[in-house]
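A.B. asks: This is the structure I have questions about; it appears just below.
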Amino acid sequence: MEVTCLLLLALIPFHCRGQGVYAPAQAQIVHAGQACVVKEDNISERVYTIREGDTLMLQCLVTGHPRPQVRWTKTAGSASDKFQETSVFNETLRIERVARTQGGRYYCKAENGVGVPAIKSIRVDVQYLDEPVLTVHQTVSDVRGNFYQEKTVFLRCTVNSNPPARFIWKRGSDTLSHSQDNGVDIYEPLYTQGETKVLKLKNLRPQDYASYTCQVSVRNVCGIPDKAITFRLTNTTAPPALKLSVNETLVVNPGDNVTVQCLLTGGDPLPQLQWSHGPGPLPLGALAQGGTLSIPSVQARDSGYYNCTATNNVGNPAKKTVNLLVRSMKNATFQITPDVIKESENIQLGQDLKLSCHVDAVPQEKVTYQWFKNGKPARMSKRLLVTRNDPELPAVTSSLELIDLHFSDYGTYLCVASFPGAPVSDLSVEVNISSETVPPTISVPKGRAVVTVREGSPAELQCEVRGKPRPPVLWSRVDKEAALLPSGLALEETQDGKLRLERVTRDMSGTYRCQTARYNGFNVRPREAQVQLNVQFPPEVEPESQDVRQALGRPVLLRCSLLRGNPQRIATAVWRFKGQLLPPPPVVPAATEAADHADLRLDAVTRDSSGSYECSVSNDVGSAACLFQVSAKAYSPEFYFDTPNPTRSHKLSKNYSYVLQWTQREPDAVDPVLNYRLSVRQLNQHNAMVKAIPVRRVEKGQLLEYLLTDLRVPHSYEIRLTPYTTFGAGDMASRIIHYTEHNTCHFEDEQICGYTQDLTDNFDWTRQNALTQNPKRSPNTGPPTDISGTPEGYYMFIETSRPRELGDRARLVSPLYNASAKFYCVSFFYHMYGKHIGSLNLLVRSRNKGTLDTHAWSLSGNKGNVWQQAHVPINPSGPFQIIFEGVRGSGYLGDIAIDDVTLKKGECPRKQMDPNKVVVMPGSGAPRQSSLQLWGPMAIFLLALER
């Protein structure tokens with residue numbers, strides 16, 4: 001019967017761990033940077049406070065299977081601050097030198113395709129304190145009935161800060177307040193920018209002429225020191241006053257050297273002067289020294305407003321502005337307006353006619369116009385009138401009106417615009433009036449109403465304009481609201497009626513309008529026409545690339561669909577397999593009209609038919625390809641990252657083992673997995689250990705497991721796992737396992753399992769063994785060896801000799817653990833032997849809502865020269881750390897030691913283990929069996945025997 005049981009047990013597959021291991025993502029945000037404080041506000045919101053310029057670090061700890069992907073996003077804060085999204089696995093979001101605009105709410109989104117994504121957030125509050133600004137204002141008012149002047153002075157102190165700043169006013173070294181000096185008021189004004197406090201000095205007294213200091217403070221939040229600014233108030237304190245050496249409007253000629261002086265006429269303390277230009281910066285080559293502004297060889301583009309500003313923090317800044325106008329003329333245009341009263345659009349004898357001339361000039365009102373007919377100055381008469389400002393035309397436009405047009409009025413009219421006495425060239429424009437002067441017409445040449453071109457090619461849209469004179473053509477878009485032309489302009493002018501486009505894109509398709517301009521031609525209703533631009537472009541298809549998995553012998557349908565293209569139809573579809581042309585598939589009669597996709601059907605997937613398929617689709621303009629990778633390969637395994645306590649170390653052999661768990665992605669998509677090929681390679685090494693792991697039928701969601709053994713402390717390893725089916729090797733998955741992920745710490749490595757010394761305690765824990773301990777140490781205290789009893793084994797202890805004093809504390813802090821269970825058990829060995837033993841405390845630091853340390857266990861006094869074990873139950877509400885706190889007793893014979901710290905999920909054992917017994921973890925590489933796994937088959941077997 002015993003042999004039968006052994007045979008039955010040997011048949012139990014190692015991976016029978018149950019199903020349903022797939023779990024939705026869970027996430028928790030913890031801070032890991034230079035946080036000043038993590039607290040809860042009045043609405044139970046997590047607030048992470050950090051000083052501007054420090055490093056912001058947030059961790060998103062996740063659980064769930066398959067492994068969730070993490071993405072960070074941000075809202076709130078400055079609208080101009082664009083936070084770049086990142087995708088990381090259980091990584092830390094790190095922002096160096098965080099700025100105030102980067103404050104706001106940060107979201108961690110974890111998703112793995114199971115259930116809804118997990119979204120957690122935390123608000124980051126960036127603290128800062130700028131330098132304060134102090135300004136002085138005064139009022140002078142006559143008091144009726146009393147022949148004297150009352151002068152009131154206001155000292156206004158403004159600062160930007162977070163949190164709100166506290167203000168302290170001082171006169172000299174004395175702090176001012178209402179209660180101590182009735183000559184002052186201190187108040188906070190309404191409707192001010194930033195935080196402001198005003199010190200009001202009522203009816204100035206002699207003692208009020210002194211030095212005043214505004215000190216601002218955020219009460220040392222985040223270690224931000226106080227800042228202060230001082231102002232000396234005297235009986236000569238006055239706001240700045242200015243005057244200019246030139247008129248406020250300065251007209252100059254191009255090429256002149258311009259110098260403007262801004263002269264101070266008052267101000268104490270001495271004001272600072274600054275020149276600025278609007279719009280834009282000062283011209284290139286301009287020099288501003290004190291109150292003098294020099295612009296050499298000024299040009300038309302240098303026109304604009306130049307501002308001289310004087311500030312001394314007393315009163316309002318003084319400002320003087322010079323409007324610099326550099327004479328210039330450009331864009332001479334004309335208009336021919338037929339008789340408006342008779343609503344005529346043609347030039348007719350016996351009707352009125354108006355010729356208008358305009359130039360864009362600076363200064364516009366200084367332009368003069370002169371009219372010539374056939375080369376001679378036009379003579380004014382009752383039938384020939386010249387007007388300067390026609391309300392229907394742009395400002396400063398000259399119009400020549402011909403009343404009751406005669407044949408003798410035909411001829412060439414010339415309009416000359418000039419700046420009298422200025423070295424600026426005249427501009428002129430010529431208009432011919434004759435019986436051949438007719439209004440324009442516009443049309444699209446035959447065959448050019450629709451222009452079809454391929455994407456990337458040049459295109460030319462054309463409209464023909466007839467008439468004399470022939471006006472320019474204005475182009476615009478019709479079919480798209482507020483759409484701009486390819487040039488980026490809403491309107492584009494062409495003289496020949498052609499709109500030329502370089503390298504057209506599909507977005508340029510549409511209707512374009514051409515219309516006659518009202519200038520340089522007849523001032524009549526514009527004539528217009530339309531041209532259609534049709535841009536052809538190659539097809540876009542889906543899928544661009546697709547991985548198709550199917551079991552051997554099963555059929556597969558491959559479909560390449562046309563998403564968009566111009567023309568929107570498939571002209572040809574060509575299939576290739578591994579680069580070789582395939583015969584065209586048979587045409588399905590019902591699908592002859594469906595020219596938007598191409599299909600290829602494989603009757604059965606075989607080893608020979610597995611490989612790369614390409615469908616090249618063309619629409620007479622270009623082509624695109626759909627790629628299909630067809631195979632019966634198994635999908636990759638999905639490693640399980642939430643294994644409780646996967647690392648088990650073996651102190652005597654310096655080895656550790658690792659429980660590797662995984663599920664198989666979509667096992668039913670292909671043939672059953674027969675075995676896995678496991679490759680284990682130590683990092684920085686080339687050789688790998690390879691082993692085959694046989695399996696039975698693998699179901700979706702089934703947790704598979706294998707125990708890796710003989711891993712060397714403290715090395716990390718790369719694990720590669722490949723599934724095999726009857727088809728062959730499937731997709732490989734890899735991960736890195738680290739020794740630091742173990743659940744029992746023997747303190748054998750120098751990194752002490754990621755434990756760190758608390759920087760806020762009085763002294764540190766020390767790592768040593770029997771070989772490194774001080775041979776002259778105090779007798780009758782401390783352990784001779786670690787728990788293993790070997791001289792090489794390390795442990796942690798506190799040295800209580802001088803300079804340690806009563807009550808000094810040493811804290812050893814564990815790494816941060818992600819709480820994936822409700823209950824945990826902390827087990828450890830302690831040695832408390834000595835006359836002056838103080839206390840050993842175990843604390844739990846919760847990182848769920850702020851940082852909170854709670855006492856979980858405590859022991860005091862001499863417990864003998866023996867290692868003993870403690871089991872401490874904890875139930876953290878979120879990510880947590882454990883802290884070992886050693887407290888120094890009344891004397892130097894008080895060394896305390898700890899060793900073999902274990903953290904396990906679940907409740908603690910009810911019965912304590914023998915404190916002197918060392919349990920060595922198994923080191924074989926046999927697949928791990930669970931008592932629960934074995935019980936089911938054994939029960940069935942025993943029932944069968946009873947029958």
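How things are named: the first chain in the structure tokens is A, the next is B, and so on; residues count from 1 in each chain; ligands count from 1 in the order shown.
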Wanna dump the region 435-491 of chain A-region 318-339 of chain A contacts at 12 Å for me, each residue with its shortest atom pair and the distance in Å to one decimal, counting only C-alpha atoms, ordered by chain and number, as JSON lines?

C.D. replies:
```
{"residue": "A:Thr437", "atom": "CA", "partner": "A:Ile336", "partner_atom": "CA", "distance": 9.8}
{"residue": "A:Val438", "atom": "CA", "partner": "A:Ile336", "partner_atom": "CA", "distance": 10.1}
{"residue": "A:Pro439", "atom": "CA", "partner": "A:Ile336", "partner_atom": "CA", "distance": 9.2}
{"residue": "A:Pro440", "atom": "CA", "partner": "A:Ile336", "partner_atom": "CA", "distance": 11.6}
{"residue": "A:Lys468", "atom": "CA", "partner": "A:Ile336", "partner_atom": "CA", "distance": 10.8}
{"residue": "A:Pro469", "atom": "CA", "partner": "A:Ile336", "partner_atom": "CA", "distance": 9.5}
{"residue": "A:Arg470", "atom": "CA", "partner": "A:Gln335", "partner_atom": "CA", "distance": 11.7}
{"residue": "A:Pro471", "atom": "CA", "partner": "A:Gln335", "partner_atom": "CA", "distance": 9.9}
{"residue": "A:Pro472", "atom": "CA", "partner": "A:Thr333", "partner_atom": "CA", "distance": 11.1}
```

A.B. asks: At a cut-off of 6 Å, using only C-alpha atoms, what residues contact Ser509 (chain A)? Leave out same-chain residues fewer than 6 positions from it and give the result as a PyMOL selection string.

C.D. replies: chain A and resi 533-535

A.B. asks: Do a neighbour search on Pro271 (chain A) at 12 Å with only C-alpha atoms, toss out local chain neighbours closer than 2 positions, and write the hits as a PyMOL selection string.

C.D. replies: chain A and resi 237-242+263-269+273-274+290-291+308-319

A.B. asks: Could those residues be written to a file, using N, CA and C atoms, as a compact mmCIF listing (two decimals), in the first residue's frame?

C.D. replies:
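Output file again.txt follows:
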```txt
# COMPACT_ATOMS: atom_id res chain seq x y z
N THR A 237 12.18 111.36 1.08
CA THR A 237 11.67 110.24 0.29
C THR A 237 10.59 110.74 -0.66
N ALA A 238 10.73 110.39 -1.95
CA ALA A 238 9.79 110.89 -2.95
C ALA A 238 9.74 109.92 -4.12
N PRO A 239 8.61 109.85 -4.81
CA PRO A 239 8.52 108.98 -5.99
C PRO A 239 9.29 109.55 -7.16
N PRO A 240 9.57 108.75 -8.16
CA PRO A 240 10.35 109.24 -9.31
C PRO A 240 9.54 110.19 -10.18
N ALA A 241 10.24 111.10 -10.84
CA ALA A 241 9.64 112.03 -11.80
C ALA A 241 10.54 112.10 -13.01
N LEU A 242 9.93 112.21 -14.21
CA LEU A 242 10.70 112.14 -15.46
C LEU A 242 10.28 113.26 -16.40
N LEU A 263 15.15 112.12 -18.61
CA LEU A 263 15.82 112.86 -17.55
C LEU A 263 15.04 112.74 -16.25
N LEU A 264 15.76 112.41 -15.15
CA LEU A 264 15.14 112.35 -13.82
C LEU A 264 15.00 113.75 -13.26
N THR A 265 13.81 114.05 -12.78
CA THR A 265 13.58 115.35 -12.15
C THR A 265 13.23 115.21 -10.67
N GLY A 266 13.20 113.97 -10.19
CA GLY A 266 12.90 113.77 -8.78
C GLY A 266 12.93 112.29 -8.44
N GLY A 267 12.95 112.04 -7.14
CA GLY A 267 12.96 110.66 -6.68
C GLY A 267 14.03 110.40 -5.66
N ASP A 268 13.65 109.85 -4.51
CA ASP A 268 14.58 109.47 -3.45
C ASP A 268 13.99 108.24 -2.75
N PRO A 269 14.72 107.13 -2.78
CA PRO A 269 16.08 106.87 -3.28
C PRO A 269 16.17 107.05 -4.80
N LEU A 273 16.36 103.41 -14.12
CA LEU A 273 15.73 103.70 -15.40
C LEU A 273 15.84 102.48 -16.32
N GLN A 274 14.77 102.26 -17.09
CA GLN A 274 14.77 101.14 -18.02
C GLN A 274 13.96 101.50 -19.26
N GLY A 290 21.43 103.88 -18.99
CA GLY A 290 20.78 104.81 -18.07
C GLY A 290 19.53 105.36 -18.72
N GLY A 291 19.45 106.66 -18.79
CA GLY A 291 18.28 107.29 -19.39
C GLY A 291 18.43 107.62 -20.85
N CYS A 308 10.13 104.71 -21.33
CA CYS A 308 11.15 104.92 -20.31
C CYS A 308 10.45 104.85 -18.95
N THR A 309 10.90 103.92 -18.12
CA THR A 309 10.26 103.70 -16.82
C THR A 309 11.28 103.90 -15.71
N ALA A 310 10.88 104.65 -14.68
CA ALA A 310 11.74 104.90 -13.52
C ALA A 310 11.06 104.32 -12.29
N THR A 311 11.80 103.52 -11.52
CA THR A 311 11.25 102.91 -10.30
C THR A 311 12.23 103.09 -9.15
N ASN A 312 11.70 103.36 -7.99
CA ASN A 312 12.50 103.36 -6.76
C ASN A 312 11.69 102.83 -5.58
N ASN A 313 10.59 102.09 -5.90
CA ASN A 313 9.71 101.49 -4.90
C ASN A 313 8.98 102.52 -4.05
N VAL A 314 8.98 103.77 -4.48
CA VAL A 314 8.21 104.81 -3.80
C VAL A 314 7.14 105.29 -4.77
N GLY A 315 5.88 105.22 -4.34
CA GLY A 315 4.81 105.61 -5.22
C GLY A 315 4.73 104.69 -6.43
N ASN A 316 4.07 105.17 -7.46
CA ASN A 316 3.97 104.41 -8.69
C ASN A 316 5.17 104.68 -9.58
N PRO A 317 5.56 103.74 -10.41
CA PRO A 317 6.66 104.01 -11.34
C PRO A 317 6.30 105.17 -12.26
N ALA A 318 7.29 105.97 -12.59
CA ALA A 318 7.11 107.05 -13.54
C ALA A 318 7.39 106.52 -14.94
N LYS A 319 6.54 106.93 -15.90
CA LYS A 319 6.68 106.40 -17.25
C LYS A 319 6.46 107.49 -18.28
```

A.B. asks: In region 390-632 of chain A, what's strand (DSSP E) per DSSP? Answer as a PyMOL selection string?

C.D. replies: chain A and resi 398-402+411-418+427-433+438-443+450-454+459-462+464-468+473-477+492-494+498-501+510-516+521-522+528-542+545-549+556-566+572-577+580-581+597-602+611-618+623-631

A.B. asks: For Ser408 (chain A), work out the shell of residues within 12 Å, counting only C-alpha atoms and skipping chain neighbours fewer than 6 positions away, then give it as a ChimeraX atom specification.

C.D. replies: /A:349-350,373-374,383,402,433-435

A.B. asks: Restricted to N, CA, C and O atoms, what would the selected residues look like written as a short mmCIF file (atom, residue, chain, number, x, y, z; two decimals), in the first residue's frame?

C.D. replies:
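Saved as result_21.cif:
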```
data_model
loop_
_atom_site.label_atom_id
_atom_site.label_comp_id
_atom_site.auth_asym_id
_atom_site.auth_seq_id
_atom_site.Cartn_x
_atom_site.Cartn_y
_atom_site.Cartn_z
N LEU A 349 -19.82 107.46 -71.20
CA LEU A 349 -19.81 108.90 -71.42
C LEU A 349 -21.11 109.49 -70.90
O LEU A 349 -22.18 108.89 -71.01
N GLY A 350 -20.99 110.65 -70.29
CA GLY A 350 -22.15 111.31 -69.75
C GLY A 350 -22.44 110.93 -68.31
O GLY A 350 -23.33 111.52 -67.69
N LYS A 373 -2.45 114.25 -65.81
CA LYS A 373 -3.16 113.67 -66.95
C LYS A 373 -2.28 113.79 -68.17
O LYS A 373 -1.88 114.91 -68.54
N ASN A 374 -2.01 112.63 -68.74
CA ASN A 374 -1.15 112.57 -69.94
C ASN A 374 0.16 113.31 -69.72
O ASN A 374 0.65 114.06 -70.57
N ARG A 383 -15.81 120.20 -63.54
CA ARG A 383 -16.01 118.78 -63.84
C ARG A 383 -14.88 117.89 -63.33
O ARG A 383 -14.95 116.68 -63.46
N LEU A 402 -14.45 112.78 -61.98
CA LEU A 402 -14.74 113.31 -63.31
C LEU A 402 -16.26 113.37 -63.44
O LEU A 402 -16.94 112.33 -63.47
N ILE A 433 -7.78 105.40 -68.79
CA ILE A 433 -9.22 105.50 -68.98
C ILE A 433 -9.49 105.69 -70.47
O ILE A 433 -9.00 106.64 -71.09
N SER A 434 -10.24 104.71 -71.05
CA SER A 434 -10.59 104.79 -72.47
C SER A 434 -11.84 103.97 -72.71
O SER A 434 -12.41 103.39 -71.78
N SER A 435 -12.26 103.90 -73.94
CA SER A 435 -13.42 103.09 -74.27
C SER A 435 -13.14 101.61 -74.08
O SER A 435 -14.07 100.80 -73.99
#
```

A.B. asks: Can you measure CA of Thr572 (chain A) to CA of Ser618 (chain A) for me? One decimal in Å is fine.

C.D. replies: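 Computed distance, CA of Thr572 (chain A) to CA of Ser618 (chain A), equals 5.3 Å.
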
A.B. asks: In Å to one decimal, how far is CA of Thr452 (chain A) from CA of Phe537 (chain A)?

C.D. replies: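 If I compute the distance from CA of Phe537 (chain A) to CA of Thr452 (chain A), I get 10.7 Å.
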
A.B. asks: Counting only C-alpha atoms, which residues of region 482-587 of chain A fall within 12 Å of region 634-651 of chain A, and what is the closest atom pair for each with its distance in Å at one decimal, ordered by chain and rising number, as CSV?

C.D. replies:
```
residue,atom,partner,partner_atom,distance
A:Asp547,CA,A:Tyr635,CA,10.3
A:Val548,CA,A:Tyr635,CA,10.6
A:Arg549,CA,A:Ala634,CA,7.7
A:Gln550,CA,A:Ala634,CA,8.9
A:Ala551,CA,A:Ala634,CA,9.0
A:Leu552,CA,A:Ala634,CA,11.3
```

A.B. asks: For Ser399 (chain A), work out the shell of residues within 8 Å, counting only C-alpha atoms and skipping chain neighbours fewer than 2 positions away, then give it as an MDAnalysis selection string.

C.D. replies: chainID A and resid 354:357 386:390 397 401

A.B. asks: What does the distance between CA of Met796 (chain A) and CA of Tyr892 (chain A) come to in Å, to one decimal place?

C.D. replies: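 If I compute the distance from CA of Met796 (chain A) to CA of Tyr892 (chain A), I get 17.1 Å.
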
A.B. asks: Counting only C-alpha atoms, which residues of region 300-357 of chain A fall within 12 Å of region 285-288 of chain A, and what is the closest atom pair for each with its distance in Å at one decimal, ordered by chain and rising number, as a tab-separated table?

C.D. replies:
```
residue	atom	partner	partner_atom	distance
A:Asp302	CA	A:Ala286	CA	9.9
A:Tyr306	CA	A:Ala288	CA	11.2
A:Asn307	CA	A:Ala288	CA	11.4
A:Cys308	CA	A:Ala288	CA	10.1
```

A.B. asks: Can I get the selected residues back with C-alpha atoms, as a PDB file, in the first residue's frame?

C.D. replies:
```
ATOM      1  CA  ASP A 302      11.953 100.368 -35.913  1.00  0.00           C
ATOM      2  CA  TYR A 306       9.448 103.378 -26.702  1.00  0.00           C
ATOM      3  CA  ASN A 307       8.856 103.468 -22.961  1.00  0.00           C
ATOM      4  CA  CYS A 308      11.146 104.919 -20.310  1.00  0.00           C
TER       5      CYS A 308
END
```

A.B. asks: If we count only C-alpha atoms, what is near Pro254 (chain A) at a cut-off of 9 Å, once residues fewer than 3 positions away on the same chain are taken out, given as a short mmCIF file (atom, residue, chain, number, x, y, z; two decimals) with all heavy atoms, in the first residue's frame?

C.D. replies:
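Once everything was written out, this is out.cif:
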```
data_model
loop_
_atom_site.label_atom_id
_atom_site.label_comp_id
_atom_site.auth_asym_id
_atom_site.auth_seq_id
_atom_site.Cartn_x
_atom_site.Cartn_y
_atom_site.Cartn_z
N ASN A 257 20.22 108.80 -37.22
CA ASN A 257 20.61 108.32 -35.90
C ASN A 257 19.72 109.00 -34.86
O ASN A 257 19.68 110.23 -34.79
CB ASN A 257 22.08 108.62 -35.62
CG ASN A 257 23.00 107.87 -36.57
OD1 ASN A 257 22.72 106.74 -36.94
ND2 ASN A 257 24.10 108.51 -36.96
N SER A 297 21.10 104.53 -37.45
CA SER A 297 20.58 104.25 -38.78
C SER A 297 19.18 103.62 -38.70
O SER A 297 18.96 102.48 -39.11
CB SER A 297 21.53 103.33 -39.55
OG SER A 297 21.10 103.18 -40.89
N VAL A 298 18.23 104.38 -38.19
CA VAL A 298 16.91 103.87 -37.92
C VAL A 298 16.21 103.48 -39.23
O VAL A 298 16.41 104.12 -40.28
CB VAL A 298 16.09 104.91 -37.13
CG1 VAL A 298 15.73 106.11 -38.00
CG2 VAL A 298 14.84 104.29 -36.53
N GLN A 299 15.41 102.41 -39.19
CA GLN A 299 14.69 101.92 -40.36
C GLN A 299 13.19 101.92 -40.06
O GLN A 299 12.76 102.06 -38.92
CB GLN A 299 15.15 100.51 -40.73
CG GLN A 299 16.63 100.41 -41.05
CD GLN A 299 17.03 101.28 -42.25
OE1 GLN A 299 16.32 101.34 -43.25
NE2 GLN A 299 18.18 101.95 -42.13
N ALA A 300 12.40 101.71 -41.12
CA ALA A 300 10.94 101.75 -40.97
C ALA A 300 10.45 100.71 -39.97
O ALA A 300 9.49 100.94 -39.22
CB ALA A 300 10.27 101.56 -42.33
N VAL A 326 9.07 106.46 -38.28
CA VAL A 326 10.08 106.54 -39.33
C VAL A 326 9.35 106.63 -40.66
O VAL A 326 8.58 105.72 -41.02
CB VAL A 326 11.01 105.31 -39.30
CG1 VAL A 326 12.09 105.44 -40.36
CG2 VAL A 326 11.63 105.14 -37.92
N ARG A 327 9.57 107.72 -41.39
CA ARG A 327 8.83 107.95 -42.63
C ARG A 327 9.04 106.80 -43.61
O ARG A 327 10.16 106.35 -43.85
CB ARG A 327 9.26 109.27 -43.27
CG ARG A 327 8.88 110.52 -42.48
CD ARG A 327 9.22 111.78 -43.26
NE ARG A 327 8.82 112.98 -42.55
CZ ARG A 327 9.62 113.67 -41.74
NH1 ARG A 327 10.86 113.26 -41.54
NH2 ARG A 327 9.17 114.74 -41.14
N SER A 328 7.89 106.34 -44.18
CA SER A 328 7.96 105.26 -45.17
C SER A 328 6.68 105.23 -45.96
O SER A 328 5.63 105.68 -45.49
CB SER A 328 8.20 103.91 -44.49
OG SER A 328 7.10 103.57 -43.68
N PRO A 423 13.60 112.86 -47.44
CA PRO A 423 14.35 112.00 -48.37
C PRO A 423 13.74 110.60 -48.50
O PRO A 423 14.40 109.59 -48.28
CB PRO A 423 15.74 111.95 -47.72
CG PRO A 423 15.48 112.09 -46.26
CD PRO A 423 14.29 113.00 -46.13
N VAL A 424 12.44 110.58 -48.84
CA VAL A 424 11.74 109.32 -49.04
C VAL A 424 11.24 109.31 -50.47
O VAL A 424 10.58 110.26 -50.92
CB VAL A 424 10.57 109.17 -48.06
CG1 VAL A 424 9.81 107.86 -48.32
CG2 VAL A 424 11.05 109.21 -46.62
#
```

A.B. asks: Applying 12 Å and only C-alpha atoms, which residues near Tyr212 (chain A) remain after dropping the ones on its own chain fewer than 3 positions away? List them as a short mmCIF file (atom, residue, chain, number, x, y, z; two decimals) with N, CA, C and O atoms, in the first residue's frame.

C.D. replies:
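Output file around_28.cif is given in full below:
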```
data_model
loop_
_atom_site.label_atom_id
_atom_site.label_comp_id
_atom_site.auth_asym_id
_atom_site.auth_seq_id
_atom_site.Cartn_x
_atom_site.Cartn_y
_atom_site.Cartn_z
N LEU A 134 8.88 95.61 -1.35
CA LEU A 134 8.38 96.67 -0.48
C LEU A 134 8.25 97.95 -1.29
O LEU A 134 9.22 98.41 -1.91
N THR A 135 7.05 98.51 -1.30
CA THR A 135 6.82 99.79 -1.97
C THR A 135 6.23 100.78 -0.97
O THR A 135 5.57 100.39 0.00
N VAL A 136 6.49 102.09 -1.21
CA VAL A 136 6.08 103.15 -0.29
C VAL A 136 5.16 104.11 -1.04
O VAL A 136 5.46 104.53 -2.16
N PHE A 154 2.18 104.91 3.53
CA PHE A 154 1.84 103.49 3.51
C PHE A 154 3.05 102.71 3.02
O PHE A 154 3.56 102.99 1.93
N LEU A 155 3.49 101.77 3.79
CA LEU A 155 4.54 100.84 3.36
C LEU A 155 3.87 99.51 3.02
O LEU A 155 3.30 98.85 3.90
N ARG A 156 3.90 99.16 1.76
CA ARG A 156 3.20 97.96 1.27
C ARG A 156 4.23 96.86 0.99
O ARG A 156 5.16 97.05 0.20
N CYS A 157 4.04 95.71 1.65
CA CYS A 157 4.96 94.58 1.49
C CYS A 157 4.18 93.43 0.82
O CYS A 157 3.15 93.00 1.33
N ILE A 168 5.95 90.27 9.59
CA ILE A 168 6.37 90.98 10.80
C ILE A 168 7.00 92.30 10.35
O ILE A 168 7.93 92.31 9.53
N TRP A 169 6.48 93.42 10.88
CA TRP A 169 7.04 94.75 10.58
C TRP A 169 7.94 95.19 11.74
O TRP A 169 7.60 95.03 12.90
N LYS A 170 9.09 95.75 11.36
CA LYS A 170 10.02 96.26 12.36
C LYS A 170 10.44 97.68 12.01
O LYS A 170 10.64 98.01 10.84
N ARG A 171 10.57 98.51 13.05
CA ARG A 171 11.22 99.82 12.92
C ARG A 171 12.56 99.70 13.61
O ARG A 171 12.62 99.52 14.82
N GLY A 172 13.62 99.71 12.81
CA GLY A 172 14.92 99.40 13.37
C GLY A 172 14.92 97.94 13.79
O GLY A 172 14.68 97.04 13.00
N SER A 173 15.16 97.68 15.08
CA SER A 173 15.13 96.31 15.59
C SER A 173 13.87 96.03 16.41
O SER A 173 13.70 94.94 16.95
N ASP A 174 12.96 97.04 16.52
CA ASP A 174 11.76 96.90 17.32
C ASP A 174 10.60 96.43 16.47
O ASP A 174 10.34 96.97 15.38
N THR A 175 9.88 95.43 16.95
CA THR A 175 8.70 94.92 16.25
C THR A 175 7.53 95.85 16.49
O THR A 175 7.27 96.29 17.61
N LEU A 176 6.80 96.17 15.40
CA LEU A 176 5.68 97.10 15.48
C LEU A 176 4.37 96.36 15.65
O LEU A 176 4.18 95.27 15.10
N VAL A 198 0.13 95.92 4.83
CA VAL A 198 0.40 97.36 4.74
C VAL A 198 0.67 97.89 6.15
O VAL A 198 -0.09 97.61 7.08
N LEU A 199 1.78 98.65 6.25
CA LEU A 199 2.08 99.37 7.47
C LEU A 199 1.73 100.84 7.22
O LEU A 199 2.33 101.49 6.37
N LYS A 200 0.75 101.34 7.94
CA LYS A 200 0.28 102.71 7.77
C LYS A 200 0.85 103.58 8.88
O LYS A 200 0.63 103.32 10.06
N LEU A 201 1.59 104.62 8.47
CA LEU A 201 2.15 105.60 9.42
C LEU A 201 1.26 106.83 9.36
O LEU A 201 1.23 107.56 8.36
N GLN A 207 10.01 110.52 14.84
CA GLN A 207 10.55 109.17 15.04
C GLN A 207 10.16 108.20 13.93
O GLN A 207 10.69 107.09 13.84
N ASP A 208 9.23 108.65 13.07
CA ASP A 208 8.82 107.76 11.98
C ASP A 208 9.83 107.74 10.84
O ASP A 208 9.76 106.89 9.96
N TYR A 209 10.74 108.69 10.84
CA TYR A 209 11.80 108.66 9.82
C TYR A 209 12.86 107.69 10.31
O TYR A 209 13.69 108.02 11.16
N GLN A 215 9.56 91.43 7.33
CA GLN A 215 10.05 90.06 7.43
C GLN A 215 8.89 89.11 7.16
O GLN A 215 7.83 89.21 7.75
N ALA A 228 13.57 88.83 4.26
CA ALA A 228 13.27 90.18 4.72
C ALA A 228 13.77 91.20 3.71
O ALA A 228 14.68 90.92 2.91
N ILE A 229 13.15 92.39 3.74
CA ILE A 229 13.58 93.52 2.92
C ILE A 229 13.44 94.78 3.77
O ILE A 229 12.51 94.90 4.57
N THR A 230 14.40 95.70 3.62
CA THR A 230 14.46 96.91 4.46
C THR A 230 14.41 98.15 3.59
O THR A 230 14.99 98.18 2.49
N PHE A 231 13.69 99.18 4.08
CA PHE A 231 13.59 100.46 3.39
C PHE A 231 13.86 101.58 4.39
O PHE A 231 13.35 101.56 5.52
N ARG A 232 14.65 102.56 3.94
CA ARG A 232 14.98 103.71 4.78
C ARG A 232 14.07 104.88 4.42
O ARG A 232 14.12 105.39 3.30
N LEU A 233 13.18 105.28 5.34
CA LEU A 233 12.26 106.39 5.12
C LEU A 233 12.86 107.66 5.69
O LEU A 233 13.25 107.70 6.86
N THR A 234 12.96 108.69 4.85
CA THR A 234 13.51 109.98 5.29
C THR A 234 12.53 111.08 4.92
O THR A 234 11.52 110.84 4.25
#
```

A.B. asks: What residues in region 615-794 of chain A get the DSSP label helix (DSSP H, G or I)? Please answer as a PyMOL selection string.

C.D. replies: chain A and resi 667-669+739-741+752-754
